[in-house]
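Worksheet: one structure, shown below.
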Amino acid sequence: MPELSVIVHGPNTQDHLTGLLGSLAAHPFPDAEVIVAAVGDWARETAERHAPDVQVLPLPDGTSDAVARAAGAARATGRWLHFVRAKDGLPPGGPRTIAERAAELPGAVDVLLIDHVRSTWRTTGLPSADGPLLARAGRTDLALDDSARLLRLTPLLGTRVLRAGFWRAHEDEFATDDEPHAALAALLLADRVACLPHAAYEDRRLRPASLPPVTPEQRYALVDRYESLLDLVRDRPAAYTVLYEIMVRDCLRTFARAGLPEDVAREFFRRASIAALRRRPEGHRRPAGLEGVRRSLLEEGAYGKYRAFQTANRTRRAVRSTVRARGRQAGARIREQQYRRALRRPVDPHLAVFAAYWNRGVACNPAAIAAKLAELAPHIHPVWVVTAENAALLPPGTDHVVPGTRRYGEVLATAKYLVNNVNFPNAVVKRPDAVHLQTHHGTPLKRMGLDQMAFPAAAQGLDFTALLERVDKWDYSISSNSHTTRMWERAYPSRYVSLDHGYPRNDVYYTAGAAGIRAIRERLGIAPGRRAVLYAPTHRDYEAGWTPRLDLAALADRLGEDTVLLVRGHYFYDGAASPLSGARRSGRILDVSAYDPVEDLCLAADALVTDYSSIMFDYANLDRPIVVHADDWETYRTTRGVYFDLMSEAPGPVARTQEELTEILTTDAWHDASAAKARAVFRRRFCEYDDGRAAERVVRRVFLGQDEESLPPVLPIEERTPAPSPQEAVTS
């Protein structure tokens with residue numbers, strides 16, 4: 001019996017079934033069967049081309065979704081059923097991930113909830129809003145009444161994987177073409193549910209103009225849907241209240257949509273009003289503010305008043321928006337005039353402007369360059385660009401400017417040197433006698449710059465024309481290895497000079513001493529003799545927020561008292577999205593997401609666990625063990641795009657599941673001869689120019705104008721001595 005039956009159902013709308021079946025064929029999983037309930041000849045012919053990979057169940061044109069689902073389920077033999085509409089998709093590796101998670105679940109679990117990505121006719125792989133909600137639920141199975149907020153998940157049946165016995169016990173309730181009804185009913189009827197905060201489904205939204213128009217009866221059916229679902233939870237107050245809130249929200253949103261004919265809008269409002277009043281939970285309070293007014297008018301059935309309220313509210317928002325826009329425009333004009341006046345002043349040869357990570361503070365390559373600049377060229381004055389909220393975190397005595405202020409424009413206009421690890425704003429003018437130094441902030445595994453054009457999920461909001469205009473201002477681009485040099489030339493094509501000098505931020509990995517490493521570990525509270533494992537995952541473009549990839553509490557338990565987990569979340573996420581997700585344990589798991597600099601954490605760690613973060617390339621300089629946890633490699637590679645196959649060129653052992661990671665860290669696999677061999681190959685390729693003197697080479701070349709030949713040569717990798725390991729630091 002297979003663990004999972006993937007039931008693809010429906011017509012081959014706009015030929016999307018071809019891509020879906022092609023994806024399944026490209027990533028087969030022996031513990032999953034694929035059944036295609038093919039509606040119509042085109043769907044049947046498409047499915048039969050993939051035989052024997054799939055079982056084809058031909059159905060006549062016009063067969064409804066409900067009937068097609070039921071027919072596919074009747075043929076299925078798996079313990080779990082995953083219903084996939086033929087227009088939708090499955091990210092690479094999705095069925096495997098689902099099946100492996102389902103195999104862990106106890107028999108009492110009826111529904112496994114999964115995350116998804118969204119695609120439209122012009123974008124692909126956009127994150128859903130469900131990830132954080134699924135992540136907060138954790139890995140423990142639970143009853144819906146204890147976590148009724150899960151009803152707020154996007155109502156897609158494809159994101160509910162159903163136990164086969166549960167489906168058959170409630171098949172009549174699922175016999176509807178209203179997919180949101182079936183998706184919500186699956187939650188309401190389940191005894192227990194479990195969550196998988198992993199994007200294992202693709203919801204493809206077809207272009208509205210390509211679909212049949214929505215009829216008035218379909219509009220009215222929205223109210224009927226919630227009325228029937230509320231009947232299922234009459235005696236369950238928590239679920240009833242959340243479902244009622246969802247009903248009112250959906251009714252108000254539907255009513256607010258432009259384009260509803262007047263008679264349809266009026267009738268829909270009448271029906272929604274009756275349902276909102278009749279179904280209102282006892283003692284239920286309306287929210288405050290404008291939302292409370294909307295609900296009050298809905299319950300009163302005051303159609304005319306509601307329309308007047310809408311008009312007044314739109315007018316009020318328009319007026320406020322106009323006032324704010326005029327204020328911003330006036331301020332922008334003043335700042336622009338000040339900046340233009342400053343551009344007429346001579347360039348100051350003794351002024352350098354530094355910025356890092358979108359003005360977060362003193363960090364990364366710019367910080368290492370500034371420190372070496374103070375040593376070798378103290379006559380050049382550094383000024384850091386930093387946001388107002390981060391100014392208080394700067395080292396004492398740091399001269400800085402805040403964006404938008406008058407001095408900010410003045411220093412950007414008159415500085416000889418402008419140094420950044422991202423880019424300065426588009427409005428910054430490149431003066432002929434100014435020098436722009438782009439330091440970057442990592443070695444590229446994922447696609448960057450123009451190479452992101454083929455990956456819409458990663459390129460959201462990117463203006464590639466404006467990007468190239470910023471790139472054209474670069475005079476120098478720093479690189480740490482020849483792979484990076486080639487990728488920057490490809491991703492950022494322009495006339496800048498590549499400085500193959502190494503990353504200055506990595507110098508410390510060769511200059512730190514035993515005393516410094518001991519001091520860092522003492523600050524972090526790591527006792528001598530304990531193993532410290534740094535876990536530093538990266539950001540996913542296809543996720544809306546932080547999604548934990550590991551059960552850290554369980555991992556800490558398995559690793560034992562002698563191991564400390566240092567957990568570092570990506571800087572895209574704020575403190576509210578901590579990677580610990582409730583797993584804080586004093587002394588055993590330390591949240592170091594806000595600790596700076598990250599180089600200290602690397603020096604303190606005996607080993608690194610990461611996924612696709614560029615921290616692995618930096619940490620490799622230390623020649624310490626690296627373990628890759630790649631639970632979603634196929635999805636990441638497909639949605640983000642990568643420059644090489646990390647699975648075959650990893651710096652150490654690769655784990656695809658938490659159990660595999662635990663096995664590696666509790667045996668010798670994390671630091672055995674095989675791991676050392678892989679790390680040596682990785683270091684030779686990606687630590688090519690890093691030897692502890694990168695910052696010196698950059699300062700001498702850019703700020704002091706020395707020739708390439710007069711710079712300190714890059715040491716061969718065999719002659720480099722990394723900083724001592726934590727255990728060596730203790731005994732030295």
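All residue names refer to the structure tokens as shown: chains lettered A, B, ... in order, residues numbered from 1 in each chain, ligands numbered from 1 in order.
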Assign secondary structure with DSSP using the backbone only, and return the residues of region 258-415 of chain A in alpha helix (DSSP H) as a compact mmCIF listing (two decimals) with N, CA and C atoms, in the first residue's frame.
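Below is the file that was written, states-v7.txt:
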```txt
# COMPACT_ATOMS: atom_id res chain seq x y z
N GLU A 262 -26.38 46.43 -9.55
CA GLU A 262 -27.09 46.98 -8.40
C GLU A 262 -28.06 45.98 -7.80
N ASP A 263 -28.83 45.28 -8.64
CA ASP A 263 -29.81 44.35 -8.09
C ASP A 263 -29.14 43.16 -7.41
N VAL A 264 -28.02 42.71 -7.97
CA VAL A 264 -27.28 41.61 -7.34
C VAL A 264 -26.66 42.06 -6.03
N ALA A 265 -26.07 43.26 -6.03
CA ALA A 265 -25.45 43.78 -4.81
C ALA A 265 -26.48 43.92 -3.69
N ARG A 266 -27.66 44.43 -4.03
CA ARG A 266 -28.70 44.65 -3.02
C ARG A 266 -29.19 43.31 -2.45
N GLU A 267 -29.40 42.32 -3.32
CA GLU A 267 -29.88 41.02 -2.86
C GLU A 267 -28.80 40.30 -2.05
N PHE A 268 -27.55 40.40 -2.50
CA PHE A 268 -26.46 39.78 -1.74
C PHE A 268 -26.37 40.40 -0.35
N PHE A 269 -26.47 41.72 -0.27
CA PHE A 269 -26.40 42.40 1.02
C PHE A 269 -27.53 41.94 1.92
N ARG A 270 -28.74 41.78 1.36
CA ARG A 270 -29.90 41.34 2.17
C ARG A 270 -29.64 39.96 2.77
N ARG A 271 -29.15 39.04 1.94
CA ARG A 271 -28.92 37.68 2.43
C ARG A 271 -27.78 37.65 3.46
N ALA A 272 -26.73 38.40 3.18
CA ALA A 272 -25.62 38.44 4.13
C ALA A 272 -26.05 39.06 5.45
N SER A 273 -26.91 40.07 5.39
CA SER A 273 -27.41 40.72 6.60
C SER A 273 -28.19 39.74 7.47
N ILE A 274 -29.06 38.97 6.84
CA ILE A 274 -29.86 38.00 7.59
C ILE A 274 -28.94 36.97 8.26
N ALA A 275 -27.96 36.48 7.51
CA ALA A 275 -27.05 35.47 8.06
C ALA A 275 -26.20 36.04 9.19
N ALA A 276 -25.71 37.27 9.01
CA ALA A 276 -24.85 37.88 10.04
C ALA A 276 -25.60 38.07 11.34
N LEU A 277 -26.87 38.43 11.25
CA LEU A 277 -27.67 38.66 12.46
C LEU A 277 -28.10 37.34 13.08
N ARG A 278 -28.58 36.42 12.24
CA ARG A 278 -29.10 35.15 12.76
C ARG A 278 -28.00 34.28 13.34
N GLY A 289 -13.87 50.79 15.69
CA GLY A 289 -13.47 51.54 14.50
C GLY A 289 -14.38 51.33 13.31
N LEU A 290 -13.83 51.57 12.13
CA LEU A 290 -14.60 51.51 10.90
C LEU A 290 -15.14 50.12 10.63
N GLU A 291 -14.37 49.09 10.98
CA GLU A 291 -14.84 47.73 10.76
C GLU A 291 -16.09 47.46 11.59
N GLY A 292 -16.12 47.98 12.80
CA GLY A 292 -17.32 47.82 13.63
C GLY A 292 -18.53 48.52 13.02
N VAL A 293 -18.32 49.69 12.42
CA VAL A 293 -19.41 50.39 11.76
C VAL A 293 -19.94 49.57 10.59
N ARG A 294 -19.04 49.01 9.81
CA ARG A 294 -19.46 48.18 8.67
C ARG A 294 -20.34 47.03 9.13
N ARG A 295 -19.91 46.35 10.17
CA ARG A 295 -20.66 45.18 10.64
C ARG A 295 -22.01 45.59 11.23
N SER A 296 -22.03 46.71 11.90
CA SER A 296 -23.30 47.20 12.46
C SER A 296 -24.31 47.47 11.35
N LEU A 297 -23.85 48.13 10.29
CA LEU A 297 -24.75 48.44 9.17
C LEU A 297 -25.18 47.17 8.45
N LEU A 298 -24.29 46.19 8.38
CA LEU A 298 -24.66 44.92 7.74
C LEU A 298 -25.75 44.23 8.54
N GLU A 299 -25.58 44.16 9.84
CA GLU A 299 -26.58 43.48 10.67
C GLU A 299 -27.92 44.22 10.63
N GLU A 300 -27.88 45.52 10.47
CA GLU A 300 -29.13 46.29 10.38
C GLU A 300 -29.81 46.11 9.03
N TYR A 303 -28.77 48.92 3.66
CA TYR A 303 -28.05 48.95 2.38
C TYR A 303 -27.70 50.39 1.96
N GLY A 304 -28.67 51.29 2.01
CA GLY A 304 -28.41 52.66 1.60
C GLY A 304 -27.36 53.33 2.47
N LYS A 305 -27.46 53.14 3.79
CA LYS A 305 -26.48 53.72 4.70
C LYS A 305 -25.08 53.15 4.44
N TYR A 306 -25.03 51.85 4.14
CA TYR A 306 -23.73 51.23 3.91
C TYR A 306 -23.08 51.81 2.65
N ARG A 307 -23.88 51.99 1.60
CA ARG A 307 -23.34 52.59 0.38
C ARG A 307 -22.85 54.01 0.64
N ALA A 308 -23.60 54.78 1.42
CA ALA A 308 -23.18 56.14 1.74
C ALA A 308 -21.90 56.13 2.57
N PHE A 309 -21.83 55.17 3.50
CA PHE A 309 -20.63 55.02 4.33
C PHE A 309 -19.42 54.70 3.45
N GLN A 310 -19.60 53.79 2.47
CA GLN A 310 -18.51 53.46 1.55
C GLN A 310 -18.02 54.69 0.79
N THR A 311 -18.98 55.48 0.29
CA THR A 311 -18.62 56.67 -0.48
C THR A 311 -17.86 57.67 0.38
N ALA A 312 -18.38 57.90 1.60
CA ALA A 312 -17.72 58.85 2.50
C ALA A 312 -16.32 58.37 2.89
N ASN A 313 -16.18 57.06 3.10
CA ASN A 313 -14.89 56.52 3.50
C ASN A 313 -13.88 56.62 2.37
N ARG A 314 -14.34 56.35 1.14
CA ARG A 314 -13.44 56.50 -0.01
C ARG A 314 -13.00 57.95 -0.18
N THR A 315 -13.94 58.87 0.01
CA THR A 315 -13.60 60.30 -0.11
C THR A 315 -12.59 60.71 0.97
N ARG A 316 -12.81 60.22 2.20
CA ARG A 316 -11.91 60.56 3.30
C ARG A 316 -10.50 60.02 3.03
N ARG A 317 -10.41 58.78 2.54
CA ARG A 317 -9.10 58.21 2.24
C ARG A 317 -8.41 58.97 1.12
N ALA A 318 -9.19 59.38 0.12
CA ALA A 318 -8.61 60.12 -1.00
C ALA A 318 -8.04 61.46 -0.54
N VAL A 319 -8.79 62.15 0.35
CA VAL A 319 -8.32 63.44 0.85
C VAL A 319 -7.04 63.27 1.66
N ARG A 320 -7.04 62.28 2.56
CA ARG A 320 -5.85 62.04 3.38
C ARG A 320 -4.65 61.68 2.51
N SER A 321 -4.90 60.84 1.52
CA SER A 321 -3.81 60.44 0.64
C SER A 321 -3.25 61.63 -0.12
N THR A 322 -4.13 62.52 -0.55
CA THR A 322 -3.67 63.71 -1.28
C THR A 322 -2.84 64.62 -0.38
N VAL A 323 -3.29 64.81 0.85
CA VAL A 323 -2.55 65.67 1.79
C VAL A 323 -1.17 65.07 2.08
N ARG A 324 -1.14 63.76 2.34
CA ARG A 324 0.15 63.12 2.61
C ARG A 324 1.07 63.19 1.41
N ALA A 325 0.50 62.94 0.22
CA ALA A 325 1.32 62.98 -0.99
C ALA A 325 1.91 64.37 -1.21
N ARG A 326 1.08 65.40 -1.00
CA ARG A 326 1.59 66.76 -1.18
C ARG A 326 2.69 67.07 -0.18
N GLY A 327 2.51 66.59 1.06
CA GLY A 327 3.55 66.81 2.06
C GLY A 327 4.85 66.12 1.69
N ARG A 328 4.73 64.86 1.22
CA ARG A 328 5.93 64.13 0.80
C ARG A 328 6.60 64.80 -0.39
N GLN A 329 5.78 65.26 -1.32
CA GLN A 329 6.34 65.91 -2.50
C GLN A 329 7.07 67.20 -2.15
N ALA A 330 6.48 67.96 -1.22
CA ALA A 330 7.12 69.21 -0.81
C ALA A 330 8.46 68.93 -0.13
N GLY A 331 8.45 67.92 0.78
CA GLY A 331 9.69 67.57 1.45
C GLY A 331 10.73 67.05 0.49
N ALA A 332 10.28 66.23 -0.48
CA ALA A 332 11.21 65.69 -1.46
C ALA A 332 11.82 66.79 -2.32
N ARG A 333 11.00 67.80 -2.68
CA ARG A 333 11.52 68.91 -3.49
C ARG A 333 12.58 69.69 -2.74
N ILE A 334 12.34 69.91 -1.45
CA ILE A 334 13.32 70.65 -0.65
C ILE A 334 14.63 69.87 -0.55
N ARG A 335 14.52 68.55 -0.27
CA ARG A 335 15.73 67.74 -0.16
C ARG A 335 16.46 67.65 -1.50
N GLU A 336 15.70 67.56 -2.59
CA GLU A 336 16.31 67.51 -3.91
C GLU A 336 17.08 68.80 -4.20
N GLN A 337 16.50 69.94 -3.84
CA GLN A 337 17.18 71.21 -4.07
C GLN A 337 18.47 71.30 -3.25
N GLN A 338 18.38 70.84 -1.98
CA GLN A 338 19.57 70.86 -1.14
C GLN A 338 20.67 69.96 -1.71
N TYR A 339 20.26 68.79 -2.20
CA TYR A 339 21.23 67.85 -2.77
C TYR A 339 21.87 68.43 -4.03
N ARG A 340 21.06 69.05 -4.87
CA ARG A 340 21.60 69.63 -6.12
C ARG A 340 22.58 70.76 -5.83
N ARG A 341 22.27 71.54 -4.80
CA ARG A 341 23.21 72.61 -4.43
C ARG A 341 24.53 72.01 -3.95
N ALA A 342 24.43 70.93 -3.17
CA ALA A 342 25.65 70.30 -2.66
C ALA A 342 26.48 69.71 -3.78
N LEU A 343 25.82 69.24 -4.87
CA LEU A 343 26.56 68.68 -5.99
C LEU A 343 27.43 69.71 -6.68
N CYS A 364 29.51 43.87 8.06
CA CYS A 364 29.90 43.19 6.82
C CYS A 364 31.19 43.77 6.22
N ASN A 365 31.34 43.62 4.93
CA ASN A 365 32.55 44.08 4.25
C ASN A 365 32.83 45.57 4.44
N PRO A 366 31.80 46.44 4.36
CA PRO A 366 32.09 47.86 4.61
C PRO A 366 32.70 48.11 5.98
N ALA A 367 32.25 47.39 7.01
CA ALA A 367 32.80 47.60 8.35
C ALA A 367 34.27 47.19 8.39
N ALA A 368 34.61 46.07 7.78
CA ALA A 368 36.01 45.62 7.78
C ALA A 368 36.89 46.59 6.99
N ILE A 369 36.37 47.13 5.90
CA ILE A 369 37.14 48.11 5.13
C ILE A 369 37.34 49.39 5.93
N ALA A 370 36.27 49.85 6.60
CA ALA A 370 36.38 51.08 7.40
C ALA A 370 37.41 50.92 8.51
N ALA A 371 37.43 49.74 9.14
CA ALA A 371 38.41 49.51 10.21
C ALA A 371 39.84 49.56 9.67
N LYS A 372 40.08 48.94 8.53
CA LYS A 372 41.42 48.95 7.95
C LYS A 372 41.78 50.35 7.43
N LEU A 373 40.76 51.09 6.95
CA LEU A 373 40.98 52.45 6.48
C LEU A 373 41.48 53.34 7.62
N ALA A 374 40.91 53.17 8.81
CA ALA A 374 41.34 53.96 9.97
C ALA A 374 42.81 53.69 10.31
N GLU A 375 43.25 52.49 9.99
CA GLU A 375 44.63 52.11 10.28
C GLU A 375 45.61 52.61 9.21
N LEU A 376 45.23 52.46 7.95
CA LEU A 376 46.15 52.77 6.86
C LEU A 376 45.99 54.17 6.27
N ALA A 388 17.16 55.91 11.38
CA ALA A 388 16.97 56.55 12.68
C ALA A 388 16.84 55.51 13.79
N GLU A 389 16.10 54.41 13.52
CA GLU A 389 15.88 53.41 14.57
C GLU A 389 17.15 52.63 14.91
N ASN A 390 18.11 52.56 13.97
CA ASN A 390 19.34 51.83 14.23
C ASN A 390 20.49 52.71 14.70
N ALA A 391 20.27 54.02 14.70
CA ALA A 391 21.36 54.94 15.08
C ALA A 391 21.82 54.69 16.51
N ARG A 406 19.27 66.81 5.90
CA ARG A 406 20.06 67.70 5.04
C ARG A 406 21.50 67.23 4.92
N ARG A 407 22.10 66.84 6.04
CA ARG A 407 23.51 66.41 5.98
C ARG A 407 23.67 65.13 5.17
N TYR A 408 22.65 64.28 5.20
CA TYR A 408 22.69 63.05 4.40
C TYR A 408 22.93 63.39 2.93
N GLY A 409 22.15 64.31 2.40
CA GLY A 409 22.35 64.72 1.01
C GLY A 409 23.70 65.35 0.77
N GLU A 410 24.18 66.11 1.75
CA GLU A 410 25.45 66.80 1.58
C GLU A 410 26.62 65.81 1.49
N VAL A 411 26.65 64.81 2.37
CA VAL A 411 27.78 63.88 2.35
C VAL A 411 27.73 62.98 1.11
N LEU A 412 26.53 62.58 0.69
CA LEU A 412 26.44 61.76 -0.52
C LEU A 412 26.87 62.55 -1.75
N ALA A 413 26.60 63.85 -1.73
CA ALA A 413 26.95 64.68 -2.88
C ALA A 413 28.44 65.01 -2.94
N THR A 414 29.11 65.07 -1.80
CA THR A 414 30.49 65.59 -1.79
C THR A 414 31.54 64.54 -1.45
```
Go through region 492-575 of chain A and flag each residue having an atom no more than 12 Å from region 416-431 of chain A; for those, report the closest pair of atoms plus their distance in Å to one decimal, using only C-alpha atoms, ordered by chain and rising number, as JSON lines.
```
{"residue": "A:Tyr503", "atom": "CA", "partner": "A:Asn421", "partner_atom": "CA", "distance": 11.0}
{"residue": "A:Pro504", "atom": "CA", "partner": "A:Asn421", "partner_atom": "CA", "distance": 11.5}
{"residue": "A:Arg505", "atom": "CA", "partner": "A:Asn421", "partner_atom": "CA", "distance": 11.2}
```
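The shortest atom-to-atom distance to Glu522 (chain A), with only C-alpha atoms taken into account, belongs to A:Ala604 out of A:Ala604, A:Ala194, A:Leu157, A:Leu467.
Between Gln460 (chain A) and the candidates A:Val109, A:Ala86, A:Leu126, A:Met247, the tightest atom-to-atom separation, counting only C-alpha atoms, involves A:Leu126.
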Query - Long-range neighbours of Ile717 (chain A) as a ChimeraX atom specification, 8 Å cut-off, only C-alpha atoms, 4 positions minimum in chain - result: /A:684,688,691
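The space between CA of Ser479 (chain A) and CA of Gly502 (chain A) spans 5.7 Å.
When DSSP is run on the backbone, the residues of region 194-372 of chain A that fall into strand (DSSP E or B) are Ala194, Cys195, Leu196, Pro197, His198, Ala199, Ala200, Tyr201, Glu202, Asp203, Arg204, Asp348, Pro349, His350, Leu351, Ala352, Val353, Phe354 and Ala355 of chain A.
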Report task. Skip Val627 (chain A) itself and residues of its chain fewer than 2 positions away, then list as a ChimeraX atom specification all residues within 7 Å of it, counting only C-alpha atoms. Result -> /A:608-610,625,629,652-654,670
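Near region 235-238 of chain A, within 7 Å and counting only C-alpha atoms, sit Asp145, Ala148 and Val242 of chain A, not including residues fewer than 4 positions from it in the same chain.
Counting from CA of Ser613 (chain A), the distance to CA of Thr443 (chain A) is 9.2 Å.
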Query raised in the report: Leaving out region 199-201 of chain A and any residue of its chain fewer than 5 positions from it, which residues lie within 8 Å of it when counting only C-alpha atoms, given as a VMD selection string?
Result: chain A and resid 88 to 91 93 to 95 97 to 98 114 to 117 158 to 159 542 to 543 635
Requested in this report: Could you give me, as a list in words, the residues within 12 Å of Leu559 (chain A), counting only C-alpha atoms and dropping anything in the same chain fewer than 6 positions from it?
Outcome: Arg530, Arg531, Ala532, Val533, Leu552, Ala553, Leu565, Arg588, Ile589, Glu659, Leu661, Thr662, Glu663, Ile664, Leu665, Thr666 and Thr667 of chain A
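Proximity of A:Ala607, A:Ala491, A:Ala43, A:Val699 to Ala675 (chain A), computed with only C-alpha atoms, is greatest for A:Ala607.
Of note, CA of Glu171 (chain A) and CA of Leu20 (chain A) are spaced 25.8 Å apart.
Nearest residue to Thr639 (chain A), choosing from A:Ala454, A:Leu81, A:Leu196, A:Val161 and counting only C-alpha atoms: A:Ala454.
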